[in-house]
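> Sharing entry-v7.txt (compact mmCIF, C-alpha atoms and all ligand atoms) below.
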```txt
# COMPACT_ATOMS: atom_id res chain seq x y z
CA MET S 22 -9.50 -22.18 5.11
CA HIS S 23 -12.68 -23.10 3.19
CA SER S 24 -12.47 -22.62 -0.50
CA SER S 25 -15.48 -20.61 -1.62
CA SER S 26 -14.38 -18.12 -4.27
CA SER S 27 -17.29 -15.81 -3.39
CA ARG S 28 -15.59 -14.79 -0.14
CA PRO S 29 -14.33 -11.18 -0.06
CA ILE S 30 -10.83 -9.77 -0.39
CA GLY S 31 -9.72 -7.77 2.67
CA ILE S 32 -7.48 -4.76 2.14
CA PHE S 33 -6.04 -2.62 4.90
CA ASP S 34 -3.92 0.46 5.41
CA SER S 35 -3.17 2.98 8.13
CA GLY S 36 -5.82 5.20 6.56
CA ILE S 37 -7.00 6.02 3.10
CA GLY S 38 -3.76 5.80 1.09
CA GLY S 39 -4.36 2.08 0.57
CA LEU S 40 -7.41 3.00 -1.47
CA THR S 41 -5.02 3.50 -4.42
CA VAL S 42 -4.33 -0.25 -4.21
CA ALA S 43 -8.02 -1.06 -3.58
CA LYS S 44 -8.91 0.87 -6.74
CA ALA S 45 -6.38 -1.06 -8.82
CA VAL S 46 -7.71 -4.36 -7.41
CA HIS S 47 -11.29 -3.29 -8.15
CA GLN S 48 -10.36 -2.42 -11.74
CA ALA S 49 -8.38 -5.62 -12.36
CA LEU S 50 -10.88 -7.87 -10.56
CA PRO S 51 -14.34 -6.26 -10.86
CA ASP S 52 -16.10 -9.46 -9.74
CA GLU S 53 -14.36 -9.47 -6.37
CA ARG S 54 -16.11 -8.13 -3.25
CA LEU S 55 -13.80 -5.85 -1.26
CA ILE S 56 -13.68 -5.15 2.47
CA TYR S 57 -11.38 -2.23 3.13
CA PHE S 58 -10.18 -1.20 6.58
CA GLY S 59 -8.41 2.14 7.13
CA ASP S 60 -6.95 2.47 10.61
CA THR S 61 -7.51 6.22 10.68
CA ILE S 62 -7.41 6.37 14.48
CA HIS S 63 -3.72 5.37 14.34
CA LEU S 64 -2.68 7.28 11.22
CA PRO S 65 0.16 7.76 10.32
CA TYR S 66 1.89 4.37 10.66
CA GLY S 67 5.02 5.85 9.09
CA ASP S 68 6.01 7.49 12.39
CA LYS S 69 5.08 4.52 14.64
CA SER S 70 7.35 1.81 16.06
CA ALA S 71 7.39 -1.61 14.37
CA ASP S 72 5.83 -3.13 17.53
CA ALA S 73 2.88 -0.73 17.47
CA ILE S 74 2.28 -1.38 13.75
CA ARG S 75 2.40 -5.17 14.36
CA TYR S 76 -0.24 -4.87 17.08
CA TYR S 77 -2.58 -2.89 14.80
CA ALA S 78 -1.98 -5.27 11.87
CA LEU S 79 -2.88 -8.28 14.04
CA LYS S 80 -6.11 -6.67 15.22
CA ILE S 81 -7.14 -5.63 11.72
CA SER S 82 -6.31 -9.02 10.19
CA LYS S 83 -8.36 -10.72 12.92
CA PHE S 84 -11.29 -8.47 12.01
CA LEU S 85 -10.90 -9.20 8.28
CA LEU S 86 -10.75 -12.93 8.98
CA GLU S 87 -13.98 -12.63 10.96
CA GLN S 88 -15.42 -11.18 7.72
CA ASP S 89 -14.28 -14.46 6.07
CA CYS S 90 -11.73 -12.85 3.74
CA LYS S 91 -10.06 -15.34 1.41
CA MET S 92 -7.15 -12.95 0.92
CA ILE S 93 -5.76 -10.01 2.92
CA ILE S 94 -3.79 -7.36 1.06
CA ILE S 95 -1.57 -5.25 3.32
CA ALA S 96 -1.97 -2.05 1.28
CA CYS S 97 0.57 -0.11 3.30
CA ASN S 98 4.34 -0.21 2.95
CA SER S 99 4.93 0.60 6.61
CA ALA S 100 2.68 -2.31 7.71
CA SER S 101 4.09 -4.64 5.03
CA SER S 102 7.61 -3.90 6.31
CA ALA S 103 6.80 -4.37 9.99
CA ALA S 104 4.10 -7.02 10.08
CA TYR S 105 3.96 -9.28 7.00
CA ASP S 106 6.13 -12.09 8.42
CA LEU S 107 4.29 -12.02 11.74
CA LEU S 108 0.86 -12.17 10.05
CA LEU S 109 1.98 -15.10 7.89
CA ASP S 110 3.08 -17.01 11.00
CA PHE S 111 0.18 -16.04 13.23
CA PHE S 112 -2.62 -16.79 10.75
CA GLU S 113 -0.88 -19.64 8.94
CA GLY S 114 -3.21 -21.45 6.54
CA LYS S 115 -6.21 -19.23 7.34
CA THR S 116 -6.04 -16.84 4.38
CA LEU S 117 -3.72 -15.67 1.59
CA PHE S 118 -1.61 -12.64 2.52
CA VAL S 119 -0.24 -10.19 -0.05
CA ASN S 120 2.13 -7.39 0.87
CA VAL S 121 3.01 -4.38 -1.27
CA VAL S 122 6.80 -4.80 -1.08
CA ASP S 123 7.52 -8.19 -2.68
CA PRO S 124 5.70 -7.59 -6.00
CA LEU S 125 7.64 -4.34 -6.49
CA VAL S 126 10.95 -6.00 -5.62
CA LYS S 127 10.13 -8.80 -8.09
CA LYS S 128 9.52 -6.19 -10.81
CA VAL S 129 12.86 -4.50 -10.09
CA LEU S 130 14.73 -7.81 -10.29
CA GLU S 131 13.09 -8.68 -13.63
CA LYS S 132 14.42 -5.48 -15.23
CA ASN S 133 18.02 -4.57 -15.77
CA TYR S 134 18.24 -1.69 -13.30
CA ARG S 135 21.63 -0.71 -11.89
CA HIS S 136 20.69 1.96 -9.37
CA VAL S 137 17.31 1.93 -7.61
CA GLY S 138 15.97 4.87 -5.59
CA VAL S 139 13.34 4.29 -2.89
CA ILE S 140 11.16 6.98 -1.30
CA ALA S 141 8.84 6.07 1.58
CA THR S 142 7.84 6.83 5.16
CA LYS S 143 10.40 6.72 7.97
CA ALA S 144 9.06 3.31 9.14
CA THR S 145 9.61 1.73 5.71
CA ILE S 146 13.02 3.33 5.13
CA HIS S 147 14.31 2.49 8.63
CA SER S 148 13.30 -1.15 8.08
CA SER S 149 15.54 -1.20 4.93
CA ILE S 150 13.14 -3.82 3.59
CA TYR S 151 13.48 -2.78 -0.07
CA LYS S 152 17.25 -2.52 0.12
CA ASN S 153 17.60 -5.91 1.82
CA LYS S 154 15.22 -7.74 -0.51
CA ILE S 155 16.65 -6.23 -3.70
CA LYS S 156 20.22 -6.95 -2.56
CA ALA S 157 19.21 -10.52 -1.63
CA GLY S 158 17.97 -10.95 -5.22
CA ASN S 159 20.93 -9.23 -6.90
CA GLN S 160 23.81 -7.87 -4.85
CA HIS S 161 25.11 -5.79 -7.77
CA ILE S 162 22.12 -3.43 -7.79
CA LYS S 163 22.80 -0.20 -5.90
CA VAL S 164 19.85 0.85 -3.72
CA SER S 165 19.54 4.38 -2.36
CA GLN S 166 16.77 5.18 0.12
CA LEU S 167 15.28 8.46 1.28
CA ALA S 168 12.58 8.98 3.92
CA THR S 169 10.08 11.53 2.62
CA PRO S 170 7.73 12.01 5.58
CA LEU S 171 6.18 15.28 4.36
CA LEU S 172 4.66 13.69 1.26
CA ALA S 173 1.83 11.58 2.79
CA PRO S 174 0.35 14.39 4.97
CA MET S 175 0.81 16.85 2.11
CA ILE S 176 -1.19 14.62 -0.25
CA GLU S 177 -3.87 13.96 2.36
CA GLU S 178 -4.33 17.69 2.81
CA GLY S 179 -5.02 17.94 -0.92
CA PHE S 180 -1.61 19.38 -1.94
CA TYR S 181 -0.78 16.86 -4.65
CA SER S 182 -0.34 19.36 -7.46
CA GLY S 183 0.49 23.06 -7.55
CA ASP S 184 3.40 25.05 -6.15
CA ILE S 185 3.54 23.61 -2.63
CA ALA S 186 3.63 20.02 -3.88
CA LYS S 187 6.12 20.94 -6.60
CA GLY S 188 8.46 22.61 -4.09
CA VAL S 189 8.40 19.70 -1.64
CA ILE S 190 8.80 17.08 -4.40
CA GLU S 191 11.69 18.97 -6.04
CA ASN S 192 13.41 19.36 -2.71
CA TYR S 193 13.23 15.65 -1.90
CA LEU S 194 14.09 14.39 -5.39
CA GLY S 195 17.02 16.81 -5.54
CA GLN S 196 18.67 15.26 -2.46
CA PRO S 197 22.14 13.72 -3.03
CA GLU S 198 20.87 10.20 -2.16
CA LEU S 199 18.70 10.06 -5.28
CA GLN S 200 21.19 11.26 -7.88
CA GLY S 201 22.09 8.87 -10.70
CA ILE S 202 19.15 6.45 -10.19
CA ASP S 203 17.55 4.73 -13.18
CA VAL S 204 14.30 3.81 -11.41
CA LEU S 205 12.42 5.33 -8.47
CA LEU S 206 10.13 3.19 -6.32
CA LEU S 207 7.13 5.03 -4.89
CA ALA S 208 7.15 2.89 -1.76
CA CYS S 209 4.16 4.43 -0.03
CA THR S 210 0.56 3.87 -1.04
CA HIS S 211 -0.13 7.62 -1.04
CA TYR S 212 2.45 8.43 -3.69
CA PRO S 213 0.58 7.28 -6.83
CA LEU S 214 -1.36 10.53 -6.42
CA ILE S 215 1.79 12.55 -7.11
CA ARG S 216 3.15 10.19 -9.74
CA LYS S 217 2.53 12.69 -12.53
CA GLU S 218 4.46 15.44 -10.71
CA ILE S 219 7.34 13.03 -10.13
CA GLU S 220 7.29 11.97 -13.80
CA ASN S 221 7.36 15.65 -14.80
CA TYR S 222 10.39 16.20 -12.58
CA TYR S 223 12.36 13.42 -14.28
CA GLY S 224 11.05 14.11 -17.81
CA GLY S 225 11.21 10.43 -18.81
CA LYS S 226 14.88 9.94 -17.76
CA VAL S 227 14.02 7.75 -14.75
CA ASP S 228 11.46 4.91 -14.62
CA ILE S 229 8.82 5.26 -11.90
CA LEU S 230 7.23 2.19 -10.25
CA ASP S 231 4.37 2.15 -7.78
CA SER S 232 2.58 -0.79 -6.22
CA THR S 233 -0.99 -0.29 -7.46
CA ASP S 234 -1.31 -2.36 -10.67
CA ILE S 235 1.64 -4.58 -9.76
CA VAL S 236 -0.03 -5.63 -6.49
CA ALA S 237 -3.42 -6.10 -8.19
CA ASP S 238 -1.71 -8.43 -10.72
CA GLU S 239 -0.09 -10.39 -7.89
CA ALA S 240 -3.44 -10.75 -6.08
CA GLN S 241 -5.00 -12.01 -9.31
CA ARG S 242 -2.18 -14.51 -9.87
CA LEU S 243 -2.42 -15.91 -6.32
CA LEU S 244 -6.22 -16.20 -6.39
CA LYS S 245 -6.09 -17.92 -9.77
CA ASN S 246 -3.46 -20.41 -8.55
CA ALA S 247 -5.59 -21.16 -5.49
CA GLY S 248 -8.77 -21.56 -7.59
CA LEU S 249 -10.34 -18.69 -5.65
CA LEU S 250 -11.11 -16.12 -8.36
CA ALA S 251 -14.73 -14.94 -8.07
CA ASP S 252 -16.84 -15.20 -11.20
CA LYS S 253 -19.53 -12.78 -10.06
CA LYS S 254 -19.80 -10.11 -7.43
CA SER S 255 -21.30 -11.59 -4.27
CA GLY S 256 -22.32 -8.39 -2.48
CA GLU S 257 -21.48 -4.78 -1.71
CA ASP S 258 -17.97 -3.51 -1.06
CA HIS S 259 -17.43 -2.03 2.40
CA PHE S 260 -15.00 0.70 3.41
CA TYR S 261 -14.44 0.72 7.17
CA VAL S 262 -12.39 3.20 9.19
CA SER S 263 -11.50 3.17 12.88
CA ASP S 264 -12.18 6.91 13.15
CA TYR S 265 -14.38 9.06 10.94
CA THR S 266 -13.96 12.69 9.88
CA VAL S 267 -15.45 14.53 6.93
CA SER S 268 -11.95 15.20 5.63
CA PHE S 269 -11.19 11.44 5.57
CA GLU S 270 -14.30 10.95 3.44
CA GLN S 271 -13.30 13.77 1.10
CA ALA S 272 -9.77 12.40 0.81
CA ALA S 273 -11.20 8.89 0.25
CA ARG S 274 -12.94 10.18 -2.89
CA LEU S 275 -9.65 11.53 -4.10
CA PHE S 276 -7.80 8.27 -3.54
CA TYR S 277 -10.54 5.93 -4.82
CA LYS S 278 -11.53 8.26 -7.67
CA GLU S 279 -15.22 7.80 -6.96
CA SER S 280 -17.57 8.65 -4.15
CA ILE S 281 -17.54 6.04 -1.39
CA THR S 282 -19.17 5.87 2.02
CA LEU S 283 -16.91 5.29 5.00
CA GLU S 284 -18.34 3.23 7.87
CA VAL S 285 -16.89 3.43 11.36
CA LYS S 286 -15.87 0.10 12.91
CA GLN S 287 -14.44 -0.21 16.40
CA ILE S 288 -12.01 -3.10 16.53
CA TYR S 289 -9.85 -1.98 19.45
CA THR S 290 -12.39 -2.29 22.29
N1 LIG U 301 0.11 4.12 3.68
C1 LIG U 301 1.36 4.30 4.38
C2 LIG U 301 2.46 3.54 3.65
O1 LIG U 301 2.29 3.04 2.54
C3 LIG U 301 1.75 5.76 4.49
C4 LIG U 301 0.90 6.55 5.44
C5 LIG U 301 1.27 6.37 6.88
O2 LIG U 301 2.37 6.79 7.30
O3 LIG U 301 0.45 5.83 7.60
O4 LIG U 301 3.55 3.44 4.17
```
Take the structure I supplied and represent it as structure tokens, if you would.


Amino acid sequence: MHSSSSRPIGIFDSGIGGLTVAKAVHQALPDERLIYFGDTIHLPYGDKSADAIRYYALKISKFLLEQDCKMIIIACNSASSAAYDLLLDFFEGKTLFVNVVDPLVKKVLEKNYRHVGVIATKATIHSSIYKNKIKAGNQHIKVSQLATPLLAPMIEEGFYSGDIAKGVIENYLGQPELQGIDVLLLACTHYPLIRKEIENYYGGKVDILDSTDIVADEAQRLLKNAGLLADKKSGEDHFYVSDYTVSFEQAARLFYKESITLEVKQIYT
């Protein structure tokens, strides 16, 4: 790995949800050049097998390494659960990898929570990654998990506020699994968009954590430790997708909170 700090940060997700993390990284580290890859042709990862997600994650990481990324942020909980260990092994020493699970787990362990709720895609929940990592850090913390597969497509279709969103959110958060929690982890990179609705539901009685700012802080810490923080922007950011539709571009604006141009990049041929 050569050490130029002007090299870009790669960020990838199954689609556009990871743009919530990209935005937080951009705000925390405005001098960094970003290369985002949304694997829209394979969206959603949350319903895929761990093997399929690992294959996609390897292909995308290879592409991001060809772009000379000094760091790769896996801005997807499903991919972080299935593929982080494999990517670390496979590309050992070639770049810095950041997943979205460990920084959130670290935050939970720093606080004095007794009962943690986790909502995420089926892939993330079935991996039990949050439960296992939190329990490994403190076996006395109770962890309750609930797969909430309707939330990501609902948000992508633009239903992140209003009656439909409210009904779906209330239904999920009212499930027996999530009663008595003192913190809820939004363990999917789409969910920051419905954070306000979730906060309204709990009315301040439950803490809510998502991985946007927490992951951006972790990226900053790792780059600083490695002496790789950029001191000025070295070029344009790029936002690649494996499949383009107008609705992806519209949704991208929603997730990134500013107008961005999506470029199609074939990496599977
Ligand atoms: N971004 C994915 C995650 O954080 C959710 C969307 C999907 O299922 O692909 O798990």

> Taking all atoms listed in the file into account, report as a list in words which residues have an atom no farther than 8 Å from an atom of ligand LIG 301 (chain U).

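The distance check yields Asp34, Ser35, Gly36, Ile37, Gly38, Gly39, His63, Leu64, Pro65, Tyr66, Gly67, Asp68, Ala96, Cys97, Asn98, Ser99, Ala100, Ala141, Thr142, Ala144, Thr145, Pro170, Ala173, Pro174, Ala208, Cys209, Thr210 and His211 of chain S.
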
> Do you have the CA of Ile229 (chain S)-CA of Tyr212 (chain S) distance handy?

10.9 Å

> Measure the distance from CA of Tyr222 (chain S) to CA of Ser148 (chain S) in Å and round it to one decimal.

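Taking CA of Tyr222 (chain S) and CA of Ser148 (chain S), their separation equals 27.1 Å.
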
> Go through region 141-260 of chain S residue by residue and, counting all atoms listed in the file, keep those with an atom at most 10 Å from region 110-129 of chain S; for each kept residue give the shortest atom pair and its distance in Å to one decimal, ordered by chain and increasing number, as a tab-separated table.


```
residue	atom	partner	partner_atom	distance
S:Thr145	CA	S:Val122	CA	9.8
S:Ile150	CA	S:Val122	CA	7.9
S:Tyr151	CA	S:Val126	CA	6.9
S:Lys152	CA	S:Val126	CA	9.2
S:Asn153	CA	S:Val126	CA	10.0
S:Lys154	CA	S:Val126	CA	6.9
S:Ile155	CA	S:Val126	CA	6.0
S:Lys156	CA	S:Val126	CA	9.8
S:Gly158	CA	S:Val126	CA	8.6
S:Asn159	CA	S:Val129	CA	9.9
S:Ile162	CA	S:Val129	CA	9.6
S:Val204	CA	S:Val129	CA	8.5
S:Leu205	CA	S:Val129	CA	10.0
S:Leu206	CA	S:Leu125	CA	7.9
S:Leu207	CA	S:Leu125	CA	9.5
S:Ala208	CA	S:Val122	CA	7.7
S:Cys209	CA	S:Val121	CA	9.0
S:Thr210	CA	S:Val121	CA	8.6
S:Leu230	CA	S:Leu125	CA	7.5
S:Asp231	CA	S:Leu125	CA	7.4
S:Ser232	CA	S:Val121	CA	6.1
S:Thr233	CA	S:Val121	CA	8.4
S:Asp234	CA	S:Pro124	CA	9.9
S:Ile235	CA	S:Pro124	CA	6.3
S:Val236	CA	S:Pro124	CA	6.1
S:Ala237	CA	S:Pro124	CA	9.5
S:Asp238	CA	S:Pro124	CA	8.8
S:Glu239	CA	S:Pro124	CA	6.7
S:Ala240	CA	S:Val119	CA	6.8
S:Leu243	CA	S:Leu117	CA	8.0
S:Leu244	CA	S:Leu117	CA	8.4
S:Ala247	CA	S:Leu117	CA	9.2
```

> Counting all atoms listed in the file, figure out which residue out of S:Lys254, S:Ala273, S:Asn246, S:Glu279 gets nearest to Pro51 (chain S).

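Selected residue with least distance to Pro51 (chain S): S:Lys254.
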
> Quick one: residues within 6 Å of Ile32 (chain S), all atoms listed in the file, excluding same-chain residues fewer than 2 positions away - as a list in words?

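Close residues of Ile32 (chain S): Tyr57, Ile93 and Ile94 of chain S.
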
> Pick the closest to Val137 (chain S) from S:Asp228, S:Asp89, S:Asp258, S:Asp72: which is it, counting all atoms listed in the file?

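Of the candidates, the smallest distance to Val137 (chain S) is held by S:Asp228.
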
> Counting all atoms listed in the file, which of S:Glu257, S:Asp184, S:Glu178, S:Asp203 gets nearest to Gln271 (chain S)?

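Of the candidates, the smallest distance to Gln271 (chain S) is held by S:Glu178.
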
> Take CA of Tyr289 (chain S) and CA of Lys80 (chain S) and report the distance between them in Å, one decimal.

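Going from CA of Tyr289 (chain S) over to CA of Lys80 (chain S), I get 7.3 Å.
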
> Determine, counting all atoms listed in the file, which protein, DNA and RNA residues have an atom within 12 Å of an atom of Glu53 (chain S); residues of the same chain fewer than 5 positions away are not included. Present the result as a PDB file with C-alpha atoms, in the frame of the given file.


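Heads up, here's the output in result.pdb:
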```pdb
ATOM      1  CA  SER S  26     -14.380 -18.120  -4.270  1.00  0.00           C
ATOM      2  CA  SER S  27     -17.290 -15.810  -3.390  1.00  0.00           C
ATOM      3  CA  ARG S  28     -15.590 -14.790  -0.140  1.00  0.00           C
ATOM      4  CA  PRO S  29     -14.330 -11.180  -0.060  1.00  0.00           C
ATOM      5  CA  ILE S  30     -10.830  -9.770  -0.390  1.00  0.00           C
ATOM      6  CA  GLY S  31      -9.720  -7.770   2.670  1.00  0.00           C
ATOM      7  CA  ILE S  32      -7.480  -4.760   2.140  1.00  0.00           C
ATOM      8  CA  ALA S  43      -8.020  -1.060  -3.580  1.00  0.00           C
ATOM      9  CA  LYS S  44      -8.910   0.870  -6.740  1.00  0.00           C
ATOM     10  CA  ALA S  45      -6.380  -1.060  -8.820  1.00  0.00           C
ATOM     11  CA  VAL S  46      -7.710  -4.360  -7.410  1.00  0.00           C
ATOM     12  CA  HIS S  47     -11.290  -3.290  -8.150  1.00  0.00           C
ATOM     13  CA  GLN S  48     -10.360  -2.420 -11.740  1.00  0.00           C
ATOM     14  CA  CYS S  90     -11.730 -12.850   3.740  1.00  0.00           C
ATOM     15  CA  LYS S  91     -10.060 -15.340   1.410  1.00  0.00           C
ATOM     16  CA  MET S  92      -7.150 -12.950   0.920  1.00  0.00           C
ATOM     17  CA  ALA S 237      -3.420  -6.100  -8.190  1.00  0.00           C
ATOM     18  CA  ALA S 240      -3.440 -10.750  -6.080  1.00  0.00           C
ATOM     19  CA  GLN S 241      -5.000 -12.010  -9.310  1.00  0.00           C
ATOM     20  CA  LEU S 244      -6.220 -16.200  -6.390  1.00  0.00           C
ATOM     21  CA  LEU S 249     -10.340 -18.690  -5.650  1.00  0.00           C
ATOM     22  CA  LEU S 250     -11.110 -16.120  -8.360  1.00  0.00           C
ATOM     23  CA  ALA S 251     -14.730 -14.940  -8.070  1.00  0.00           C
ATOM     24  CA  ASP S 252     -16.840 -15.200 -11.200  1.00  0.00           C
ATOM     25  CA  LYS S 253     -19.530 -12.780 -10.060  1.00  0.00           C
ATOM     26  CA  LYS S 254     -19.800 -10.110  -7.430  1.00  0.00           C
ATOM     27  CA  SER S 255     -21.300 -11.590  -4.270  1.00  0.00           C
ATOM     28  CA  GLY S 256     -22.320  -8.390  -2.480  1.00  0.00           C
ATOM     29  CA  GLU S 257     -21.480  -4.780  -1.710  1.00  0.00           C
ATOM     30  CA  ASP S 258     -17.970  -3.510  -1.060  1.00  0.00           C
ATOM     31  CA  HIS S 259     -17.430  -2.030   2.400  1.00  0.00           C
TER      32      HIS S 259
END
```

> In terms of the shortest atom-to-atom distance over all atoms listed in the file, which of S:Ala272, S:Leu109, S:Ile281, S:Ile202 is closest to Arg75 (chain S)?

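The shortest atom-to-atom distance to Arg75 (chain S) comes from S:Leu109.
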
> Just checking: using all atoms listed in the file, which residue out of S:Thr41, S:Leu171, S:Tyr105, S:Arg54 ends up closest to Leu79 (chain S)?

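Nearest candidate to Leu79 (chain S) out of S:Thr41, S:Leu171, S:Tyr105, S:Arg54: S:Tyr105.
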
> When distances are computed from all atoms listed in the file, which of S:Ile140, S:Ala103, S:Arg135, S:Ile146 shows the smallest separation from Leu172 (chain S)?

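Of all the options, S:Ile140 lies closest to Leu172 (chain S).
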
> Select, counting all atoms listed in the file, all protein, DNA and RNA residues no farther than 8 Å from (-17.2, 4.6, 5.1) in file coordinates, and express the selection as an mmCIF file with C-alpha atoms, in the coordinates of the input.


```
data_model
loop_
_atom_site.group_PDB
_atom_site.id
_atom_site.type_symbol
_atom_site.label_atom_id
_atom_site.label_comp_id
_atom_site.auth_asym_id
_atom_site.auth_seq_id
_atom_site.Cartn_x
_atom_site.Cartn_y
_atom_site.Cartn_z
ATOM 1 C CA HIS S 259 -17.430 -2.030 2.400
ATOM 2 C CA PHE S 260 -15.000 0.700 3.410
ATOM 3 C CA TYR S 261 -14.440 0.720 7.170
ATOM 4 C CA VAL S 262 -12.390 3.200 9.190
ATOM 5 C CA TYR S 265 -14.380 9.060 10.940
ATOM 6 C CA GLU S 270 -14.300 10.950 3.440
ATOM 7 C CA ILE S 281 -17.540 6.040 -1.390
ATOM 8 C CA THR S 282 -19.170 5.870 2.020
ATOM 9 C CA LEU S 283 -16.910 5.290 5.000
ATOM 10 C CA GLU S 284 -18.340 3.230 7.870
ATOM 11 C CA VAL S 285 -16.890 3.430 11.360
#
```
